[in-house]
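Asker: Here you go, one structure.
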Amino acid sequence: LFGMLYDTQVFHTASTTARALKIAAACIEDYGVDLFALSRELLTHANPKILPFWGSVLQRVVIDEHKQVLLVTVTQAQLQAHGLGQEGLLGLNNFIAEVTPLDTVIVFSEDPQGRCKISFRSKKRDVNQLAAQFGGGGHKHASGAVLNMSVVDAAQAVLLAM
């Protein structure tokens, strides 16, 4: 159920089907899964440093209005400046996708090895096809890829591909 909550952004995406809801109901009824606890675990961060970090990320958002794309880049230095590791990124992509009316959200984040992890989220666009162009994959509305280049170079490559 946790994976289903994550993939559907707690039942807020187009991938929320009647079948998904029936499976969720069975998890609750048949196995006693606590939907509220799982949702809180997914949406709540134990580290209060997350909020100022996300605030700094949101200040650097770039919007390509012609393509209905919002993108942001995050480096290890930015995470470290807030006393955070990779956990600071958990849920950021889904949060931004949820609060923006734009179709596509792309988060480019530098991992500890210097690679660029790309997280694609969309409301309509098939971001799985886009991720596949970069050796990644996932679902139609939630996909990812990892590239051996900087976040700036990766952002330029993805925008060119779009």
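Residue numbers start at 1 in each chain; chains themselves are named A, B, ... in the order of the structure tokens; ligands are numbered from 1 in the order shown.
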Please give the complete set of residues from region 17-138 of chain A that DSSP, run on the backbone, assigns to alpha helix (DSSP H), formatted as a ChimeraX atom specification.

Answerer: /A:18-31,35-43,50-58,76-81,92-99,127-132

Asker: If we count only C-alpha atoms, what is near Phe120 (chain A) at a cut-off of 8 Å, once residues fewer than 5 positions away on the same chain are taken out, given as a PDB file with N, CA, C and O atoms, in the first residue's frame?

Answerer:
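See out_18.pdb below for the written result:
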```pdb
ATOM      1  N   ASN A  93       9.599  16.078  -5.375  1.00  0.00           N
ATOM      2  CA  ASN A  93       9.027  16.045  -6.718  1.00  0.00           C
ATOM      3  C   ASN A  93       7.505  15.939  -6.670  1.00  0.00           C
ATOM      4  O   ASN A  93       6.797  16.637  -7.385  1.00  0.00           O
ATOM      5  N   THR A 104       4.113  19.324 -16.286  1.00  0.00           N
ATOM      6  CA  THR A 104       5.300  18.504 -16.046  1.00  0.00           C
ATOM      7  C   THR A 104       6.243  19.161 -15.046  1.00  0.00           C
ATOM      8  O   THR A 104       6.545  20.346 -15.163  1.00  0.00           O
ATOM      9  N   VAL A 105       6.708  18.358 -14.096  1.00  0.00           N
ATOM     10  CA  VAL A 105       7.690  18.794 -13.100  1.00  0.00           C
ATOM     11  C   VAL A 105       8.906  17.890 -13.240  1.00  0.00           C
ATOM     12  O   VAL A 105       8.781  16.661 -13.277  1.00  0.00           O
ATOM     13  N   ILE A 106      10.075  18.508 -13.311  1.00  0.00           N
ATOM     14  CA  ILE A 106      11.311  17.734 -13.409  1.00  0.00           C
ATOM     15  C   ILE A 106      12.285  18.248 -12.361  1.00  0.00           C
ATOM     16  O   ILE A 106      12.609  19.434 -12.330  1.00  0.00           O
ATOM     17  N   VAL A 107      12.737  17.339 -11.499  1.00  0.00           N
ATOM     18  CA  VAL A 107      13.731  17.678 -10.487  1.00  0.00           C
ATOM     19  C   VAL A 107      15.040  16.997 -10.879  1.00  0.00           C
ATOM     20  O   VAL A 107      15.084  15.778 -11.045  1.00  0.00           O
ATOM     21  N   VAL A 127       5.807  10.888 -19.346  1.00  0.00           N
ATOM     22  CA  VAL A 127       7.202  11.111 -18.963  1.00  0.00           C
ATOM     23  C   VAL A 127       8.002   9.814 -18.956  1.00  0.00           C
ATOM     24  O   VAL A 127       9.234   9.857 -18.937  1.00  0.00           O
ATOM     25  N   ALA A 131      11.801   9.663 -20.063  1.00  0.00           N
ATOM     26  CA  ALA A 131      12.838   9.032 -19.241  1.00  0.00           C
ATOM     27  C   ALA A 131      13.561   7.929 -20.013  1.00  0.00           C
ATOM     28  O   ALA A 131      14.781   7.771 -19.880  1.00  0.00           O
ATOM     29  N   HIS A 141       3.146   8.757 -15.709  1.00  0.00           N
ATOM     30  CA  HIS A 141       3.125  10.049 -15.030  1.00  0.00           C
ATOM     31  C   HIS A 141       4.194  10.204 -13.951  1.00  0.00           C
ATOM     32  O   HIS A 141       4.246  11.243 -13.294  1.00  0.00           O
ATOM     33  N   ALA A 142       5.030   9.187 -13.760  1.00  0.00           N
ATOM     34  CA  ALA A 142       6.094   9.257 -12.752  1.00  0.00           C
ATOM     35  C   ALA A 142       7.243   8.369 -13.195  1.00  0.00           C
ATOM     36  O   ALA A 142       7.109   7.147 -13.218  1.00  0.00           O
ATOM     37  N   SER A 143       8.352   8.991 -13.559  1.00  0.00           N
ATOM     38  CA  SER A 143       9.501   8.236 -14.053  1.00  0.00           C
ATOM     39  C   SER A 143      10.787   8.882 -13.583  1.00  0.00           C
ATOM     40  O   SER A 143      10.774   9.968 -13.013  1.00  0.00           O
ATOM     41  N   GLY A 144      11.891   8.210 -13.869  1.00  0.00           N
ATOM     42  CA  GLY A 144      13.181   8.744 -13.473  1.00  0.00           C
ATOM     43  C   GLY A 144      14.295   8.217 -14.340  1.00  0.00           C
ATOM     44  O   GLY A 144      14.113   7.280 -15.118  1.00  0.00           O
TER      45      GLY A 144
END
```

Asker: Compile the contact shell of Lys123 (chain A) as a list in words: residues with an atom at most 9 Å away, counting only C-alpha atoms, same-chain residues fewer than 6 positions apart removed.

Answerer: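 Within the cut-off, the hits are Thr13, Ala14, Ala97, Pro101, Leu102, Asp103, Thr104 and His141 of chain A.
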
Asker: Report as a tab-separated table: every residue of region 31-150 of chain A with an atom at most 12 Å from region 155-158 of chain A, its closest pair of atoms, and their distance in Å to one decimal, counting only C-alpha atoms, with rows sorted by chain and ascending residue number.

Answerer:
```
residue	atom	partner	partner_atom	distance
A:Val62	CA	A:Ala155	CA	10.8
A:Asp64	CA	A:Ala155	CA	11.9
A:Val69	CA	A:Val158	CA	11.1
A:Leu70	CA	A:Ala155	CA	11.1
A:Leu71	CA	A:Ala155	CA	8.1
A:Val72	CA	A:Ala155	CA	8.6
A:Thr73	CA	A:Ala155	CA	7.8
A:Val74	CA	A:Ala155	CA	11.0
A:Val105	CA	A:Ala155	CA	11.8
A:Ile106	CA	A:Ala155	CA	8.6
A:Val107	CA	A:Ala155	CA	8.9
A:Phe108	CA	A:Ala155	CA	6.9
A:Ser109	CA	A:Ala155	CA	10.0
A:Glu110	CA	A:Ala155	CA	11.6
A:Cys116	CA	A:Ala155	CA	9.3
A:Lys117	CA	A:Ala155	CA	10.6
A:Ile118	CA	A:Ala155	CA	8.8
A:Ser119	CA	A:Ala155	CA	11.2
A:Phe120	CA	A:Val158	CA	10.5
A:Val127	CA	A:Val158	CA	11.0
A:Gln129	CA	A:Val158	CA	11.8
A:Leu130	CA	A:Val158	CA	8.1
A:Ala131	CA	A:Val158	CA	8.9
A:Ala132	CA	A:Val158	CA	11.2
A:Gln133	CA	A:Val158	CA	9.0
A:Phe134	CA	A:Val158	CA	8.4
A:Gly144	CA	A:Val158	CA	11.8
A:Ala145	CA	A:Val158	CA	10.7
A:Val146	CA	A:Val158	CA	11.8
A:Leu147	CA	A:Ala157	CA	10.2
A:Asn148	CA	A:Ala157	CA	11.9
A:Met149	CA	A:Ala155	CA	9.8
A:Ser150	CA	A:Ala155	CA	8.5
```

Asker: Please extract the residues of region 27-93 of chain A with a backbone DSSP assignment of strand (DSSP E) and present them as a list in words.

Answerer: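 Put together, the selection reads Val62, Ile63, Asp64, Val69, Leu70, Leu71, Val72, Thr73 and Val74 of chain A.
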
Asker: Go through A:Val151, A:Leu58, A:Leu21, A:Gln68 one by one, measure the shortest atom-to-atom distance of each to Met4 (chain A) using only C-alpha atoms, and give the residue with the smallest value.

Answerer: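 Checking each of A:Val151, A:Leu58, A:Leu21, A:Gln68 against Met4 (chain A), counting only C-alpha atoms, the winner is A:Leu21.
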
Asker: Hey, which of A:Gly3, A:Pro112, A:Gly85, A:Gly135 ends up closest to Leu35 (chain A)? Count only C-alpha atoms.

Answerer: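 That would be A:Gly3, the residue with the smallest distance to Leu35 (chain A).
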
Asker: As a tab-separated table (two decimals) with all heavy atoms, in the first residue's frame, please: the residues near His12 (chain A) (cut-off 12 Å, only C-alpha atoms, same-chain neighbours under 4 positions excluded).

Answerer:
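As a result, result_13.tsv now contains:
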```tsv
chain	number	residue	atom	x	y	z
A	4	MET	N	1.82	2.07	-3.48
A	4	MET	CA	0.66	2.59	-4.19
A	4	MET	C	0.41	4.06	-3.81
A	4	MET	O	0.13	4.89	-4.66
A	4	MET	CB	-0.57	1.74	-3.86
A	4	MET	CG	-1.73	1.97	-4.78
A	4	MET	SD	-3.17	0.96	-4.33
A	4	MET	CE	-2.50	-0.68	-4.50
A	5	LEU	N	0.54	4.36	-2.52
A	5	LEU	CA	0.37	5.73	-2.06
A	5	LEU	C	1.42	6.64	-2.69
A	5	LEU	O	1.14	7.76	-3.11
A	5	LEU	CB	0.45	5.82	-0.53
A	5	LEU	CG	-0.71	5.23	0.25
A	5	LEU	CD1	-0.40	5.20	1.74
A	5	LEU	CD2	-1.99	5.98	-0.02
A	6	TYR	N	2.66	6.15	-2.76
A	6	TYR	CA	3.75	6.94	-3.33
A	6	TYR	C	3.50	7.19	-4.81
A	6	TYR	O	3.58	8.32	-5.28
A	6	TYR	CB	5.09	6.24	-3.11
A	6	TYR	CG	6.26	7.08	-3.57
A	6	TYR	CD1	6.77	8.06	-2.74
A	6	TYR	CD2	6.82	6.91	-4.82
A	6	TYR	CE1	7.84	8.86	-3.14
A	6	TYR	CE2	7.88	7.70	-5.24
A	6	TYR	CZ	8.39	8.66	-4.40
A	6	TYR	OH	9.43	9.46	-4.81
A	7	ASP	N	3.19	6.12	-5.55
A	7	ASP	CA	3.01	6.25	-7.00
A	7	ASP	C	1.80	7.09	-7.39
A	7	ASP	O	1.79	7.72	-8.45
A	7	ASP	CB	2.90	4.87	-7.66
A	7	ASP	CG	4.25	4.20	-7.85
A	7	ASP	OD1	5.28	4.86	-7.62
A	7	ASP	OD2	4.27	3.02	-8.22
A	8	THR	N	0.76	7.08	-6.56
A	8	THR	CA	-0.44	7.85	-6.89
A	8	THR	C	-0.48	9.20	-6.18
A	8	THR	O	-1.49	9.91	-6.27
A	8	THR	CB	-1.72	7.07	-6.51
A	8	THR	OG1	-1.75	6.90	-5.09
A	8	THR	CG2	-1.80	5.74	-7.24
A	16	THR	N	-4.66	6.64	-10.28
A	16	THR	CA	-5.58	6.17	-9.24
A	16	THR	C	-6.81	5.61	-9.94
A	16	THR	O	-7.65	6.35	-10.44
A	16	THR	CB	-6.00	7.31	-8.29
A	16	THR	OG1	-4.83	7.87	-7.71
A	16	THR	CG2	-6.91	6.80	-7.20
A	17	THR	N	-6.90	4.30	-9.98
A	17	THR	CA	-8.01	3.63	-10.65
A	17	THR	C	-8.92	2.98	-9.62
A	17	THR	O	-8.56	2.86	-8.43
A	17	THR	CB	-7.47	2.53	-11.58
A	17	THR	OG1	-6.78	1.56	-10.78
A	17	THR	CG2	-6.51	3.10	-12.64
A	20	ALA	N	-7.06	0.18	-8.09
A	20	ALA	CA	-6.11	0.59	-7.05
A	20	ALA	C	-6.84	0.84	-5.74
A	20	ALA	O	-6.37	0.45	-4.67
A	20	ALA	CB	-5.35	1.84	-7.49
A	21	LEU	N	-7.98	1.49	-5.80
A	21	LEU	CA	-8.75	1.77	-4.59
A	21	LEU	C	-9.28	0.48	-3.96
A	21	LEU	O	-9.31	0.36	-2.73
A	21	LEU	CB	-9.88	2.75	-4.89
A	21	LEU	CG	-9.43	4.16	-5.28
A	21	LEU	CD1	-10.61	4.99	-5.76
A	21	LEU	CD2	-8.71	4.83	-4.14
A	94	ASN	N	6.99	15.07	-5.80
A	94	ASN	CA	5.54	14.91	-5.70
A	94	ASN	C	4.88	16.16	-5.14
A	94	ASN	O	3.81	16.55	-5.58
A	94	ASN	CB	5.19	13.69	-4.84
A	94	ASN	CG	5.52	12.39	-5.55
A	94	ASN	OD1	5.60	12.34	-6.77
A	94	ASN	ND2	5.73	11.35	-4.79
A	95	PHE	N	5.53	16.78	-4.16
A	95	PHE	CA	4.98	18.00	-3.58
A	95	PHE	C	4.85	19.09	-4.63
A	95	PHE	O	3.80	19.72	-4.77
A	95	PHE	CB	5.85	18.49	-2.42
A	95	PHE	CG	5.46	19.84	-1.90
A	95	PHE	CD1	4.35	19.99	-1.10
A	95	PHE	CD2	6.20	20.97	-2.26
A	95	PHE	CE1	3.97	21.26	-0.64
A	95	PHE	CE2	5.83	22.22	-1.80
A	95	PHE	CZ	4.71	22.36	-1.00
A	97	ALA	N	4.76	18.78	-7.89
A	97	ALA	CA	3.77	18.38	-8.90
A	97	ALA	C	2.35	18.60	-8.40
A	97	ALA	O	1.46	18.97	-9.17
A	97	ALA	CB	3.98	16.92	-9.29
A	98	GLU	N	2.15	18.38	-7.11
A	98	GLU	CA	0.81	18.53	-6.53
A	98	GLU	C	0.36	19.98	-6.47
A	98	GLU	O	-0.81	20.29	-6.67
A	98	GLU	CB	0.80	17.92	-5.13
A	98	GLU	CG	-0.53	17.94	-4.44
A	98	GLU	CD	-1.56	16.98	-5.03
A	98	GLU	OE1	-1.16	16.00	-5.67
A	98	GLU	OE2	-2.75	17.23	-4.84
A	99	VAL	N	1.28	20.90	-6.19
A	99	VAL	CA	0.88	22.29	-5.96
A	99	VAL	C	0.94	23.18	-7.20
A	99	VAL	O	0.52	24.32	-7.14
A	99	VAL	CB	1.70	22.94	-4.81
A	99	VAL	CG1	1.49	22.20	-3.51
A	99	VAL	CG2	3.17	23.05	-5.17
A	122	SER	N	4.17	14.15	-14.11
A	122	SER	CA	3.30	14.85	-15.06
A	122	SER	C	1.84	14.55	-14.75
A	122	SER	O	1.51	13.58	-14.07
A	122	SER	CB	3.61	14.43	-16.50
A	122	SER	OG	3.13	13.12	-16.74
A	123	LYS	N	1.02	15.41	-15.31
A	123	LYS	CA	-0.42	15.20	-15.22
A	123	LYS	C	-0.95	14.56	-16.50
A	123	LYS	O	-1.86	13.76	-16.47
A	123	LYS	CB	-1.11	16.53	-14.95
A	123	LYS	CG	-0.76	17.10	-13.58
A	123	LYS	CD	-1.26	18.52	-13.41
A	123	LYS	CE	-0.94	19.09	-12.04
A	123	LYS	NZ	0.48	19.21	-11.74
A	141	HIS	N	3.15	8.76	-15.71
A	141	HIS	CA	3.13	10.05	-15.03
A	141	HIS	C	4.19	10.20	-13.95
A	141	HIS	O	4.25	11.24	-13.29
A	141	HIS	CB	1.74	10.30	-14.43
A	141	HIS	CG	0.65	10.31	-15.45
A	141	HIS	ND1	0.53	11.30	-16.41
A	141	HIS	CD2	-0.33	9.43	-15.71
A	141	HIS	CE1	-0.49	11.03	-17.18
A	141	HIS	NE2	-1.03	9.90	-16.80
```

Asker: Please provide as a PyMOL selection string all residues within 9 Å of Leu38 (chain A), with the sequence filter that same-chain residues fewer than 5 positions apart are discarded (counting only C-alpha atoms).

Answerer: chain A and resi 1-2+5+33+43

Asker: Can you write just those residues out, C-alpha atoms, as a PDB file, in the first residue's frame?

Answerer:
```pdb
ATOM      1  CA  LEU A   1       0.000   0.000   0.000  1.00  0.00           C
ATOM      2  CA  PHE A   2       2.917   2.355   0.701  1.00  0.00           C
ATOM      3  CA  LEU A   5       0.369   5.734  -2.059  1.00  0.00           C
ATOM      4  CA  VAL A  33      -3.033  -1.736   7.277  1.00  0.00           C
ATOM      5  CA  LEU A  43       4.213  12.951   3.685  1.00  0.00           C
TER       6      LEU A  43
END
```

Asker: May I ask which of the residues A:His66, A:Gln9, A:Pro52, A:Asp126 is the closest one to Lys140 (chain A), counting only C-alpha atoms?

Answerer: A:Asp126

Asker: Would you work out the distance separating CA of Ile96 (chain A) from CA of Phe11 (chain A), expressed in Å to one decimal?

Answerer: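 The value is 15.6 Å.
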
Asker: Find the residue from A:Ala24, A:Val10, A:Leu92, A:Val61 that sits nearest to Ser39 (chain A); use only C-alpha atoms when measuring.

Answerer: A:Val10

Asker: Report, in Å with one decimal, the straight-line distance from CA of Asn47 (chain A) to CA of Glu87 (chain A).

Answerer: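 So the answer is 9.2 Å.
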